[in-house]
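Here's the structure, in structure tokens; my notes come after.
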Amino acid sequence: MAVQIVLVGLNHRTAPVELRERVAFSADQARRAAAELRTQGILEETLVLSTCNRSELYGVPPEANANGLSSLEEFLVTFHGLDRTMLNGSLYRHRNGDVVRHVFRVAAGLDSMLLGEAEILGQLRDSYQAALEFGATGPVLNRMFQAALEVGKRVRTETEIGTRPVSVAFAGVKLAEQIFGKLKNRSALILGAGAVGEQVVERLRDRGIARVFVANRSYDRAIELAARWGGEAVEWNALEQALSLPDMVVSSVGVEEPILTRAMLERAMQARENRALFLIDLGVPRNISPDAAELYNTYLYNIDDLSGIVEQNKQARAGEVPRVEAIIDEHVAKFEAWQAGVELSVVMRELREKLSRERDAFLQRRFAATPDLSAIERERIAQMANEWIEQFLLEPVDRLRNTRDLRRKLADLDAVRNLFGLDRDKS
Amino acid sequence: MAARMTTLVLATLLLYVASFAAYVWNLYVEHPTIGRVASLCLAAGLVLHYYALLERAHAIHAVPYEDLWGSLSLFAWLLGATYLSLELVHQRRGVGPFALPFVIALFALSHFHRPVVHETTARGPLFALHVTLNILAYSAFALAFILSGIYLLQNRLLRDRKVGGMFWRFPTLDFLDRMSRSAVIVGIIALGLGVTFGFVWAHRLHGVYWSGDPKEVVSLLLFVIYAAYLLLGRTRAWRGARASALCVCNFVLVLFSYSIVNIYLSGYHRFY
């Protein structure tokens with residue numbers, strides 16, 4: 001029997017969040033599940049991938065377990081103490097080539113809620129690393145997940161699936177980079193503490209921004225946020241002076257009237273000698289007076305501008321899907337060729353062993369009938385028979401290795417096993 | 001000789017076009033290997049271009065700035081070389097797709113015309129340096145013009161919030177500004193040295209430094225307006241887009257100097 005790969009799982013498309021929560025695996029649980037799956041003989045190699053959008057069990061069942069998929073499903077139900085009916089219609093099950101394609105698509109971000117997002121690749125890498133350290137994976141899954149990580153990397157360098165920002169925060173930071181280049185020696189002033197504003201700060205910090213100033217109507221809150229973000233608190237009534245320092249301002253304050261008026265920014269631009277100022281207004285109603293956009297060397301983007309960019313980029317990403325699929329196809333073919341190569345060497349080893357056994361038995365019978373042969377002659381005859389076996393195997397091995405079409409016709413090489421009775425010998 | 005010239009010219013052209021294609025491709029996928037291929041093709045193109053210039057020099061028995069086409073080719077070569085040097089200094093390739101078309105167009109234009117041989121006298125290395133440095137200055141100013149032009153375009157898109165498509169692959173404003181300034185610095189130094197050599201050479205020849213030729217006036221004017229760009233570009237009133245606009249406008253005078261002044265106004269500055 002050829003080596004099987006199986007997958008049982010659910011994701012944000014097939015299951016609601018309530019169900020995903022119940023089927024999620026913590027790091028500890030993932031480790032325990034991997035151990036149990038192997039001790040119970042359900043899987044030989046295993047990997048648990050669990051993120052907030054998906055829970056998936058990958059594995060290679062032992063040859064004896066022909067019902068790998070259903071026992072894996074059973075395991076999932078009992079492990080989480082679920083009612084069998086809860087999973088109806090939510091679970092997907094894949095085998096072999098479909099599993100390979102699925103994991104490559106996951107790595108490429110095609111299966112993500114946000115097309116092409118990069119986070120999943122990190123999660124996949126972590127899950128694989130954990131499984132590897134725990135010794136849960138084996139040659140097949142190692143190969144498959146390494147290939148998946150490569151696919152994920154390739155599609156992000158060779159296509160635009162992940163380049164254009166598709167979140168408001170990321171769009172803001174990318175715009176800042178279009179203006180200022182690297183953000184390492186730049187600074188930002190953060191007004192208020194909206195959720196998106198906080199995401200912007202995180203992204204800015206990821207990119208090594210030099211200084212973060214925080215202003216809030218409550219100074220205590222400003223100090224608290226500054227401590228959290230590694231920034232410096234600024235007093236609310238010193239806001240105007242504070243504008244002369246940073247390269248960008250991110251504002252998300254709940255107010256009725258703009259906090260930063262045109263006149264205020266005009267004075268600030270004077271004070272900062274017209275150094276470029278990038279203004280991100282995340283507030284609704286708006287925090288920055290729209291006519292400030294007319295000021296020289298300022299760039300003003302409000303939440304709608306950024307959302308518009310995000311929408312446009314999402315469409316651009318969707319347009320990249322065919323190129324990503326082509327890369328995936330290439331790697332699926334590569335993986336299948338590798339798998340076939342491995343199988344081929346196993347089949348050929350079995351065949352060679354069988355022929356050797358047959359030869360020994362045959363020669364023994366014949367030698368018994370011809371006692372006049374000397375020991376040297378017997379030795380030579382045995383040697384010649386050996387050479388003949390090697391010669392006989394040469395051509396079929398070469399053909400199987402180099403003619404992919406032939407392997408497909410032989411249906412996973414099981415036909416060869418069948419033909420020579422290799423499967424019968426084993427049991 | 002003519003046949004060899006053609007092969008050399010075609011090979012150079014091919015390398016330049018390959019370099020351009022790789023630069024565009026790199027802008028699109030941003031892959032270090034492709035970027036390196038672009039730079040290497042450009043470098044190889046410049047080497048062959050040098051030999052093409054040499055062939056031309058042999059044919060007319062002079063440095064190939066004695067006719068308009070030859071001087072354009074030298075201009076293209078120096079433009080490519082200046083760009084490549086600045087790329088190495090700044091370690092960014094985003095401007096390649098915009099600089100290469102100029103190199104390719106000028107090169108093709110000049111080498112598909114036969115050299116027009118003038119009566120020339122041997123004038124020695126000082127004169128050659130004078131002319132070559134001036135052409136280097138023009139090519140550096142041309143590069144600054146391209147960079148400032150992209151700056152203005154990019155700045156307009158950013159201010160109008162029309163960001164989409166290739167916008168995300170454009171070089172950043174900060175980088176365009178810095179690279180444009182370094183190109184102008186190269187240009188000013190080359191112009192300063194070139195003009196100085198010119199004066200020294202004129203003094204040897206005629207005994208006077210300054211003869212009031214329109215070309216001399218324009219060259220000094222160029223020196224002033226580009227120095228102004230460098231100095232004003234860091235002041236409150238001019239920082240950013242205005243400085244870039246100034247740099248673009250300055251180039252009009254370069255074109256004026258290179259064409260009208262050469263052909264109609266100057267007494268003895270012909271094509272350089």
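Identifiers for the structure tokens are assigned positionally: chains receive A, B, ... in sequence, residues are indexed from 1 per chain, and ligands are indexed from 1 in the order shown.
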query = Counting only C-alpha atoms, which residues of chain B come no farther than 8 Å from chain A, as a PyMOL selection string?
reply = chain B and resi 29-31+158-159+161+163-164+168+170-175+235-237+239-241
Deliver the residues from the most recent selection as a file, using N, CA and C atoms, as a JSON list (two decimals), in the first residue's frame.
[["chain", "number", "residue", "atom", "x", "y", "z"],
["B", 29, "VAL", "N", 8.26, 42.82, -8.98],
["B", 29, "VAL", "CA", 8.32, 41.71, -8.02],
["B", 29, "VAL", "C", 9.34, 41.94, -6.91],
["B", 30, "GLU", "N", 10.20, 42.91, -7.06],
["B", 30, "GLU", "CA", 11.20, 43.23, -6.04],
["B", 30, "GLU", "C", 11.98, 42.02, -5.57],
["B", 31, "HIS", "N", 12.77, 41.47, -6.47],
["B", 31, "HIS", "CA", 13.55, 40.29, -6.14],
["B", 31, "HIS", "C", 15.04, 40.64, -6.28],
["B", 158, "LEU", "N", 0.27, 61.34, -3.95],
["B", 158, "LEU", "CA", 0.10, 61.22, -2.50],
["B", 158, "LEU", "C", -0.81, 62.30, -1.95],
["B", 159, "ARG", "N", -0.62, 63.51, -2.45],
["B", 159, "ARG", "CA", -1.44, 64.61, -1.93],
["B", 159, "ARG", "C", -2.88, 64.51, -2.42],
["B", 161, "ARG", "N", -4.32, 61.77, -2.88],
["B", 161, "ARG", "CA", -4.80, 60.48, -2.38],
["B", 161, "ARG", "C", -5.22, 59.55, -3.51],
["B", 163, "VAL", "N", -3.67, 56.81, -4.70],
["B", 163, "VAL", "CA", -2.64, 55.79, -4.63],
["B", 163, "VAL", "C", -3.24, 54.46, -5.08],
["B", 164, "GLY", "N", -2.64, 53.86, -6.07],
["B", 164, "GLY", "CA", -3.14, 52.58, -6.54],
["B", 164, "GLY", "C", -2.18, 52.04, -7.58],
["B", 168, "TRP", "N", 2.57, 51.79, -5.37],
["B", 168, "TRP", "CA", 3.23, 51.13, -4.24],
["B", 168, "TRP", "C", 4.64, 50.68, -4.58],
["B", 170, "PHE", "N", 6.65, 52.59, -6.52],
["B", 170, "PHE", "CA", 7.47, 53.76, -6.81],
["B", 170, "PHE", "C", 8.49, 53.98, -5.69],
["B", 171, "PRO", "N", 9.62, 54.61, -6.05],
["B", 171, "PRO", "CA", 10.58, 54.96, -5.00],
["B", 171, "PRO", "C", 9.95, 55.95, -4.02],
["B", 172, "THR", "N", 10.44, 55.95, -2.78],
["B", 172, "THR", "CA", 9.84, 56.83, -1.78],
["B", 172, "THR", "C", 10.28, 58.28, -1.99],
["B", 173, "LEU", "N", 9.47, 59.21, -1.50],
["B", 173, "LEU", "CA", 9.77, 60.63, -1.67],
["B", 173, "LEU", "C", 11.13, 60.98, -1.07],
["B", 174, "ASP", "N", 11.35, 60.47, 0.12],
["B", 174, "ASP", "CA", 12.60, 60.76, 0.83],
["B", 174, "ASP", "C", 13.81, 60.34, 0.00],
["B", 175, "PHE", "N", 13.72, 59.13, -0.58],
["B", 175, "PHE", "CA", 14.82, 58.61, -1.38],
["B", 175, "PHE", "C", 15.02, 59.44, -2.65],
["B", 235, "THR", "N", 15.55, 74.71, 3.14],
["B", 235, "THR", "CA", 14.97, 75.84, 3.87],
["B", 235, "THR", "C", 13.46, 75.71, 3.94],
["B", 236, "ARG", "N", 12.86, 76.50, 4.84],
["B", 236, "ARG", "CA", 11.44, 76.39, 5.09],
["B", 236, "ARG", "C", 10.62, 76.62, 3.81],
["B", 237, "ALA", "N", 10.99, 77.64, 3.06],
["B", 237, "ALA", "CA", 10.16, 78.03, 1.93],
["B", 237, "ALA", "C", 10.21, 77.04, 0.77],
["B", 239, "ARG", "N", 11.63, 73.62, 0.85],
["B", 239, "ARG", "CA", 11.73, 72.20, 1.14],
["B", 239, "ARG", "C", 10.62, 71.39, 0.44],
["B", 240, "GLY", "N", 10.96, 70.22, -0.09],
["B", 240, "GLY", "CA", 9.93, 69.35, -0.67],
["B", 240, "GLY", "C", 9.69, 69.61, -2.14],
["B", 241, "ALA", "N", 8.41, 69.67, -2.50],
["B", 241, "ALA", "CA", 8.02, 69.71, -3.91],
["B", 241, "ALA", "C", 8.57, 70.95, -4.63]]
Sel. of strand (DSSP E or B) residues, segment 293-398 of chain A, as a short mmCIF file (atom, residue, chain, number, x, y, z; two decimals) with C-alpha atoms, in the first residue's frame:
data_model
loop_
_atom_site.label_atom_id
_atom_site.label_comp_id
_atom_site.auth_asym_id
_atom_site.auth_seq_id
_atom_site.Cartn_x
_atom_site.Cartn_y
_atom_site.Cartn_z
CA THR A 298 1.31 67.90 4.37
CA TYR A 299 -0.38 64.64 3.45
CA LEU A 300 -3.78 64.11 5.02
CA TYR A 301 -5.62 60.79 4.92
CA ASN A 302 -8.87 60.09 6.74
#
ask   = Got a sec: who's within 10 Å of Leu355 of chain A, counting only C-alpha atoms, leaving out chain neighbours fewer than 2 positions off, as number ranges by chain?
value = A: 349-353, 357-361, 386, 389-390, 393, 420
Kindly save the residues from that selection, with N, CA and C atoms included, as a CSV table (one decimal), in the first residue's frame.
chain,number,residue,atom,x,y,z
A,349,ARG,N,13.1,-2.2,-4.0
A,349,ARG,CA,13.8,-2.9,-3.0
A,349,ARG,C,13.0,-4.2,-2.7
A,350,GLU,N,11.7,-4.1,-2.6
A,350,GLU,CA,10.9,-5.4,-2.4
A,350,GLU,C,11.1,-6.4,-3.5
A,351,LEU,N,11.1,-5.8,-4.7
A,351,LEU,CA,11.2,-6.7,-5.9
A,351,LEU,C,12.5,-7.4,-5.9
A,352,ARG,N,13.6,-6.6,-5.6
A,352,ARG,CA,14.9,-7.2,-5.6
A,352,ARG,C,15.0,-8.3,-4.5
A,353,GLU,N,14.5,-8.0,-3.3
A,353,GLU,CA,14.5,-9.0,-2.3
A,353,GLU,C,13.8,-10.2,-2.7
A,357,ARG,N,15.3,-14.0,-3.1
A,357,ARG,CA,14.8,-15.2,-2.3
A,357,ARG,C,14.5,-16.3,-3.3
A,358,GLU,N,13.8,-16.0,-4.4
A,358,GLU,CA,13.4,-17.0,-5.4
A,358,GLU,C,14.7,-17.6,-6.0
A,359,ARG,N,15.7,-16.8,-6.2
A,359,ARG,CA,16.9,-17.3,-6.8
A,359,ARG,C,17.6,-18.3,-5.9
A,360,ASP,N,17.7,-18.0,-4.6
A,360,ASP,CA,18.3,-18.9,-3.6
A,360,ASP,C,17.5,-20.2,-3.6
A,361,ALA,N,16.2,-20.1,-3.5
A,361,ALA,CA,15.4,-21.4,-3.5
A,361,ALA,C,15.6,-22.2,-4.7
A,386,ASN,N,22.9,-13.7,-10.0
A,386,ASN,CA,22.8,-12.4,-9.4
A,386,ASN,C,22.9,-11.2,-10.4
A,389,ILE,N,19.8,-10.8,-12.4
A,389,ILE,CA,18.7,-10.1,-11.7
A,389,ILE,C,18.9,-8.6,-11.9
A,390,GLU,N,20.1,-8.2,-11.6
A,390,GLU,CA,20.4,-6.8,-11.7
A,390,GLU,C,20.2,-6.2,-13.1
A,393,LEU,N,16.5,-5.9,-13.8
A,393,LEU,CA,15.8,-4.8,-13.2
A,393,LEU,C,16.2,-3.4,-13.7
A,420,PHE,N,3.7,-8.8,-9.2
A,420,PHE,CA,4.8,-9.7,-8.7
A,420,PHE,C,4.5,-10.4,-7.4
query = For Ser71 of chain B, which residue among B:Ser148, B:Ser244, B:Asn262, B:Asn26 is the nearest when counting only C-alpha atoms?
reply = B:Asn262
inquiry  = Using Å and a single decimal, report how far atom CA of Leu110 of chain A sits from atom CA of Val166 of chain A.
reply    = 14.1 Å
query = Using only C-alpha atoms, which residues sit within 12 Å of Ala228 of chain B once same-chain residues fewer than 3 positions away are excluded, as a ChimeraX atom specification?
reply = /B:181,184-185,188,221-225,231-235,238,243-244,246-247,250
Take the residues that were just selected and, keeping N, CA and C atoms, output them as a CSV table (one decimal), in the first residue's frame.
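File again03.csv, as written:
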chain,number,residue,atom,x,y,z
B,181,ARG,N,19.5,65.1,-4.9
B,181,ARG,CA,20.5,66.0,-4.4
B,181,ARG,C,21.9,65.5,-4.6
B,184,VAL,N,22.8,66.2,-8.2
B,184,VAL,CA,23.2,67.6,-8.4
B,184,VAL,C,24.6,67.9,-7.8
B,185,ILE,N,24.9,67.3,-6.7
B,185,ILE,CA,26.3,67.5,-6.2
B,185,ILE,C,27.3,67.0,-7.1
B,188,ILE,N,27.4,69.5,-10.0
B,188,ILE,CA,28.0,70.8,-9.7
B,188,ILE,C,29.6,70.7,-9.6
B,221,LEU,N,25.8,80.4,-15.0
B,221,LEU,CA,24.4,80.5,-14.6
B,221,LEU,C,23.9,79.2,-14.0
B,222,LEU,N,24.3,78.1,-14.8
B,222,LEU,CA,23.9,76.8,-14.3
B,222,LEU,C,24.5,76.5,-13.0
B,223,PHE,N,25.7,76.9,-12.8
B,223,PHE,CA,26.3,76.7,-11.5
B,223,PHE,C,25.5,77.3,-10.4
B,224,VAL,N,25.1,78.5,-10.6
B,224,VAL,CA,24.3,79.3,-9.6
B,224,VAL,C,23.0,78.7,-9.3
B,225,ILE,N,22.2,78.3,-10.4
B,225,ILE,CA,20.9,77.8,-10.1
B,225,ILE,C,20.9,76.5,-9.5
B,231,LEU,N,21.0,74.6,-1.8
B,231,LEU,CA,20.9,75.4,-0.6
B,231,LEU,C,19.4,75.6,-0.2
B,232,LEU,N,18.6,76.0,-1.2
B,232,LEU,CA,17.2,76.2,-0.9
B,232,LEU,C,16.4,75.0,-0.4
B,233,GLY,N,16.8,73.9,-1.0
B,233,GLY,CA,16.1,72.6,-0.7
B,233,GLY,C,16.0,72.2,0.8
B,234,ARG,N,16.8,72.9,1.6
B,234,ARG,CA,16.7,72.6,3.0
B,234,ARG,C,16.2,73.8,3.8
B,235,THR,N,15.6,74.7,3.1
B,235,THR,CA,15.0,75.8,3.9
B,235,THR,C,13.5,75.7,3.9
B,238,TRP,N,11.3,76.4,0.6
B,238,TRP,CA,11.5,75.6,-0.6
B,238,TRP,C,11.5,74.0,-0.4
B,243,ALA,N,11.4,72.6,-4.2
B,243,ALA,CA,12.8,72.3,-4.6
B,243,ALA,C,12.8,71.4,-5.8
B,244,SER,N,12.0,70.4,-5.8
B,244,SER,CA,12.0,69.5,-7.0
B,244,SER,C,11.5,70.2,-8.2
B,246,LEU,N,12.0,73.3,-8.8
B,246,LEU,CA,13.1,74.1,-9.2
B,246,LEU,C,14.1,73.3,-10.0
B,247,CYS,N,14.4,72.1,-9.5
B,247,CYS,CA,15.3,71.2,-10.2
B,247,CYS,C,14.9,70.9,-11.6
B,250,ASN,N,15.3,74.1,-13.7
B,250,ASN,CA,16.8,74.3,-14.0
B,250,ASN,C,17.2,73.5,-15.2
task = Can you work out the spacing between atom CA of Ala76 of chain B and atom CA of Phe107 of chain B in Å, to one decimal?
result =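 Atom CA of Phe107 of chain B lies at a distance of 5.9 Å from atom CA of Ala76 of chain B.
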ask   = Skipping near chain neighbours, those fewer than 2 positions away, what residues fall within 9 Å of Leu79 of chain B using only C-alpha atoms, listed as a PyMOL selection string?
value = chain B and resi 74-77+81-84+99+102-103+136+138-140+142-143
Write a file of the just-selected residues containing N, CA and C atoms, as a PDB file, in the first residue's frame.
ATOM      1  N   LEU B  74      28.150  60.080 -25.815  1.00  0.00           N
ATOM      2  CA  LEU B  74      28.967  60.261 -24.613  1.00  0.00           C
ATOM      3  C   LEU B  74      28.076  60.682 -23.443  1.00  0.00           C
ATOM      4  N   PHE B  75      27.119  61.540 -23.753  1.00  0.00           N
ATOM      5  CA  PHE B  75      26.154  61.989 -22.752  1.00  0.00           C
ATOM      6  C   PHE B  75      25.384  60.785 -22.178  1.00  0.00           C
ATOM      7  N   ALA B  76      24.899  59.915 -23.086  1.00  0.00           N
ATOM      8  CA  ALA B  76      24.144  58.731 -22.663  1.00  0.00           C
ATOM      9  C   ALA B  76      25.013  57.834 -21.787  1.00  0.00           C
ATOM     10  N   TRP B  77      26.285  57.681 -22.195  1.00  0.00           N
ATOM     11  CA  TRP B  77      27.193  56.820 -21.442  1.00  0.00           C
ATOM     12  C   TRP B  77      27.399  57.364 -20.022  1.00  0.00           C
ATOM     13  N   ALA B  81      26.370  55.768 -16.442  1.00  0.00           N
ATOM     14  CA  ALA B  81      27.410  55.558 -15.434  1.00  0.00           C
ATOM     15  C   ALA B  81      27.066  56.306 -14.142  1.00  0.00           C
ATOM     16  N   THR B  82      26.584  57.535 -14.273  1.00  0.00           N
ATOM     17  CA  THR B  82      26.212  58.302 -13.078  1.00  0.00           C
ATOM     18  C   THR B  82      25.080  57.602 -12.338  1.00  0.00           C
ATOM     19  N   TYR B  83      24.085  57.146 -13.125  1.00  0.00           N
ATOM     20  CA  TYR B  83      22.973  56.458 -12.472  1.00  0.00           C
ATOM     21  C   TYR B  83      23.476  55.239 -11.710  1.00  0.00           C
ATOM     22  N   LEU B  84      24.302  54.425 -12.375  1.00  0.00           N
ATOM     23  CA  LEU B  84      24.771  53.188 -11.747  1.00  0.00           C
ATOM     24  C   LEU B  84      25.575  53.494 -10.476  1.00  0.00           C
ATOM     25  N   ALA B  99      15.324  55.816 -15.592  1.00  0.00           N
ATOM     26  CA  ALA B  99      16.565  56.366 -16.144  1.00  0.00           C
ATOM     27  C   ALA B  99      16.959  55.667 -17.444  1.00  0.00           C
ATOM     28  N   PHE B 102      16.001  56.830 -21.138  1.00  0.00           N
ATOM     29  CA  PHE B 102      16.758  57.975 -21.658  1.00  0.00           C
ATOM     30  C   PHE B 102      18.097  57.506 -22.219  1.00  0.00           C
ATOM     31  N   VAL B 103      18.754  56.621 -21.472  1.00  0.00           N
ATOM     32  CA  VAL B 103      20.043  56.098 -21.943  1.00  0.00           C
ATOM     33  C   VAL B 103      19.850  55.377 -23.271  1.00  0.00           C
ATOM     34  N   LEU B 136      29.507  65.299 -18.351  1.00  0.00           N
ATOM     35  CA  LEU B 136      29.152  64.569 -17.120  1.00  0.00           C
ATOM     36  C   LEU B 136      28.200  65.413 -16.275  1.00  0.00           C
ATOM     37  N   TYR B 138      26.113  67.685 -17.303  1.00  0.00           N
ATOM     38  CA  TYR B 138      24.794  67.685 -17.939  1.00  0.00           C
ATOM     39  C   TYR B 138      24.052  66.383 -17.664  1.00  0.00           C
ATOM     40  N   SER B 139      24.794  65.271 -17.739  1.00  0.00           N
ATOM     41  CA  SER B 139      24.108  63.991 -17.533  1.00  0.00           C
ATOM     42  C   SER B 139      23.661  63.852 -16.076  1.00  0.00           C
ATOM     43  N   ALA B 140      24.469  64.354 -15.135  1.00  0.00           N
ATOM     44  CA  ALA B 140      24.055  64.309 -13.727  1.00  0.00           C
ATOM     45  C   ALA B 140      22.829  65.189 -13.513  1.00  0.00           C
ATOM     46  N   ALA B 142      20.654  65.821 -15.782  1.00  0.00           N
ATOM     47  CA  ALA B 142      19.544  65.104 -16.424  1.00  0.00           C
ATOM     48  C   ALA B 142      18.961  64.078 -15.462  1.00  0.00           C
ATOM     49  N   LEU B 143      19.847  63.392 -14.739  1.00  0.00           N
ATOM     50  CA  LEU B 143      19.389  62.398 -13.771  1.00  0.00           C
ATOM     51  C   LEU B 143      18.586  63.075 -12.659  1.00  0.00           C
TER      52      LEU B 143
END
Computed interatomic separation between atom CA of Leu121 of chain A and atom CA of Gln29 of chain A (Å) =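 Computing it gives 20.8 Å between the two atoms.
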request  = Might you pull out every residue within 12 Å of Tyr51 of chain B, with only C-alpha atoms counted and same-chain residues fewer than 2 positions away left off, and present them as a ChimeraX atom specification?
outcome  = /B:4-9,11-12,44-49,53-58,64,73-74,77
Generate a file of the selected residues that holds N, CA and C atoms, formatted as an mmCIF file, in the first residue's frame.
data_model
loop_
_atom_site.group_PDB
_atom_site.id
_atom_site.type_symbol
_atom_site.label_atom_id
_atom_site.label_comp_id
_atom_site.auth_asym_id
_atom_site.auth_seq_id
_atom_site.Cartn_x
_atom_site.Cartn_y
_atom_site.Cartn_z
ATOM 1 N N ARG B 4 31.616 45.775 -37.663
ATOM 2 C CA ARG B 4 31.935 45.512 -36.273
ATOM 3 C C ARG B 4 31.246 46.535 -35.368
ATOM 4 N N MET B 5 31.230 47.728 -35.843
ATOM 5 C CA MET B 5 30.556 48.810 -35.144
ATOM 6 C C MET B 5 29.091 48.455 -34.910
ATOM 7 N N THR B 6 28.465 47.931 -35.953
ATOM 8 C CA THR B 6 27.059 47.591 -35.854
ATOM 9 C C THR B 6 26.839 46.490 -34.813
ATOM 10 N N THR B 7 27.689 45.450 -34.859
ATOM 11 C CA THR B 7 27.549 44.368 -33.892
ATOM 12 C C THR B 7 27.698 44.914 -32.475
ATOM 13 N N LEU B 8 28.699 45.741 -32.307
ATOM 14 C CA LEU B 8 28.972 46.311 -30.990
ATOM 15 C C LEU B 8 27.788 47.159 -30.524
ATOM 16 N N VAL B 9 27.277 47.962 -31.435
ATOM 17 C CA VAL B 9 26.146 48.836 -31.095
ATOM 18 C C VAL B 9 24.919 48.002 -30.749
ATOM 19 N N ALA B 11 24.847 44.898 -29.689
ATOM 20 C CA ALA B 11 25.069 44.185 -28.432
ATOM 21 C C ALA B 11 24.849 45.128 -27.249
ATOM 22 N N THR B 12 25.350 46.344 -27.378
ATOM 23 C CA THR B 12 25.166 47.330 -26.306
ATOM 24 C C THR B 12 23.680 47.610 -26.105
ATOM 25 N N ALA B 44 27.499 45.891 -17.933
ATOM 26 C CA ALA B 44 28.058 45.283 -19.144
ATOM 27 C C ALA B 44 27.768 46.163 -20.357
ATOM 28 N N GLY B 45 26.555 46.721 -20.412
ATOM 29 C CA GLY B 45 26.188 47.626 -21.499
ATOM 30 C C GLY B 45 27.111 48.832 -21.536
ATOM 31 N N LEU B 46 27.440 49.357 -20.351
ATOM 32 C CA LEU B 46 28.318 50.528 -20.286
ATOM 33 C C LEU B 46 29.724 50.198 -20.790
ATOM 34 N N VAL B 47 30.180 48.961 -20.480
ATOM 35 C CA VAL B 47 31.504 48.551 -20.961
ATOM 36 C C VAL B 47 31.510 48.503 -22.493
ATOM 37 N N LEU B 48 30.491 47.846 -23.061
ATOM 38 C CA LEU B 48 30.425 47.761 -24.527
ATOM 39 C C LEU B 48 30.244 49.148 -25.150
ATOM 40 N N HIS B 49 29.431 49.954 -24.485
ATOM 41 C CA HIS B 49 29.195 51.316 -24.957
ATOM 42 C C HIS B 49 30.526 52.087 -25.022
ATOM 43 N N LEU B 53 32.181 53.825 -28.244
ATOM 44 C CA LEU B 53 32.693 55.202 -28.291
ATOM 45 C C LEU B 53 34.126 55.228 -28.815
ATOM 46 N N LEU B 54 34.871 54.208 -28.369
ATOM 47 C CA LEU B 54 36.270 54.118 -28.789
ATOM 48 C C LEU B 54 36.361 53.917 -30.307
ATOM 49 N N GLU B 55 35.500 53.013 -30.811
ATOM 50 C CA GLU B 55 35.446 52.771 -32.259
ATOM 51 C C GLU B 55 35.175 54.084 -32.993
ATOM 52 N N ARG B 56 34.230 54.795 -32.446
ATOM 53 C CA ARG B 56 33.836 56.058 -33.054
ATOM 54 C C ARG B 56 35.004 57.044 -33.030
ATOM 55 N N ALA B 57 35.706 57.033 -31.910
ATOM 56 C CA ALA B 57 36.848 57.928 -31.771
ATOM 57 C C ALA B 57 37.918 57.595 -32.806
ATOM 58 N N HIS B 58 38.147 56.273 -33.017
ATOM 59 C CA HIS B 58 39.118 55.866 -34.021
ATOM 60 C C HIS B 58 38.694 56.349 -35.402
ATOM 61 N N PRO B 64 34.949 61.415 -29.219
ATOM 62 C CA PRO B 64 33.695 61.525 -29.959
ATOM 63 C C PRO B 64 32.748 62.618 -29.430
ATOM 64 N N SER B 73 26.042 60.430 -27.574
ATOM 65 C CA SER B 73 26.381 59.085 -27.120
ATOM 66 C C SER B 73 27.206 59.145 -25.837
ATOM 67 N N LEU B 74 28.150 60.080 -25.815
ATOM 68 C CA LEU B 74 28.967 60.261 -24.613
ATOM 69 C C LEU B 74 28.076 60.682 -23.443
ATOM 70 N N TRP B 77 26.285 57.681 -22.195
ATOM 71 C CA TRP B 77 27.193 56.820 -21.442
ATOM 72 C C TRP B 77 27.399 57.364 -20.022
#
Determine, counting only C-alpha atoms, which protein, DNA and RNA residues have an atom within 8 Å of an atom of Leu27 of chain B; residues of the same chain fewer than 6 positions away are not included. Present the result as an mmCIF file with C-alpha atoms, in the first residue's frame.
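Okay, this is what ended up in around16.cif:
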data_model
loop_
_atom_site.group_PDB
_atom_site.id
_atom_site.type_symbol
_atom_site.label_atom_id
_atom_site.label_comp_id
_atom_site.auth_asym_id
_atom_site.auth_seq_id
_atom_site.Cartn_x
_atom_site.Cartn_y
_atom_site.Cartn_z
ATOM 1 C CA ARG B 93 17.043 50.237 -7.821
ATOM 2 C CA GLY B 94 13.636 51.904 -8.001
ATOM 3 C CA PRO B 97 13.098 51.874 -14.947
ATOM 4 C CA ARG B 169 6.295 50.197 -6.266
ATOM 5 C CA PHE B 170 7.471 53.757 -6.810
#
query = Which residue, A:Gln146, A:Gln199, A:Thr39, A:Ser345, has the smallest gap to Val397 of chain A when you use only C-alpha atoms?
reply =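 Smallest separation from Val397 of chain A among the options: A:Ser345.
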task = Select, from A:Thr51, A:Ala108, A:Phe25, A:Val6, the residue with the minimum atom-to-atom distance to Leu76 of chain A, counting only C-alpha atoms.
result =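 Once distances to Leu76 of chain A are computed over only C-alpha atoms, the minimum belongs to A:Phe25.
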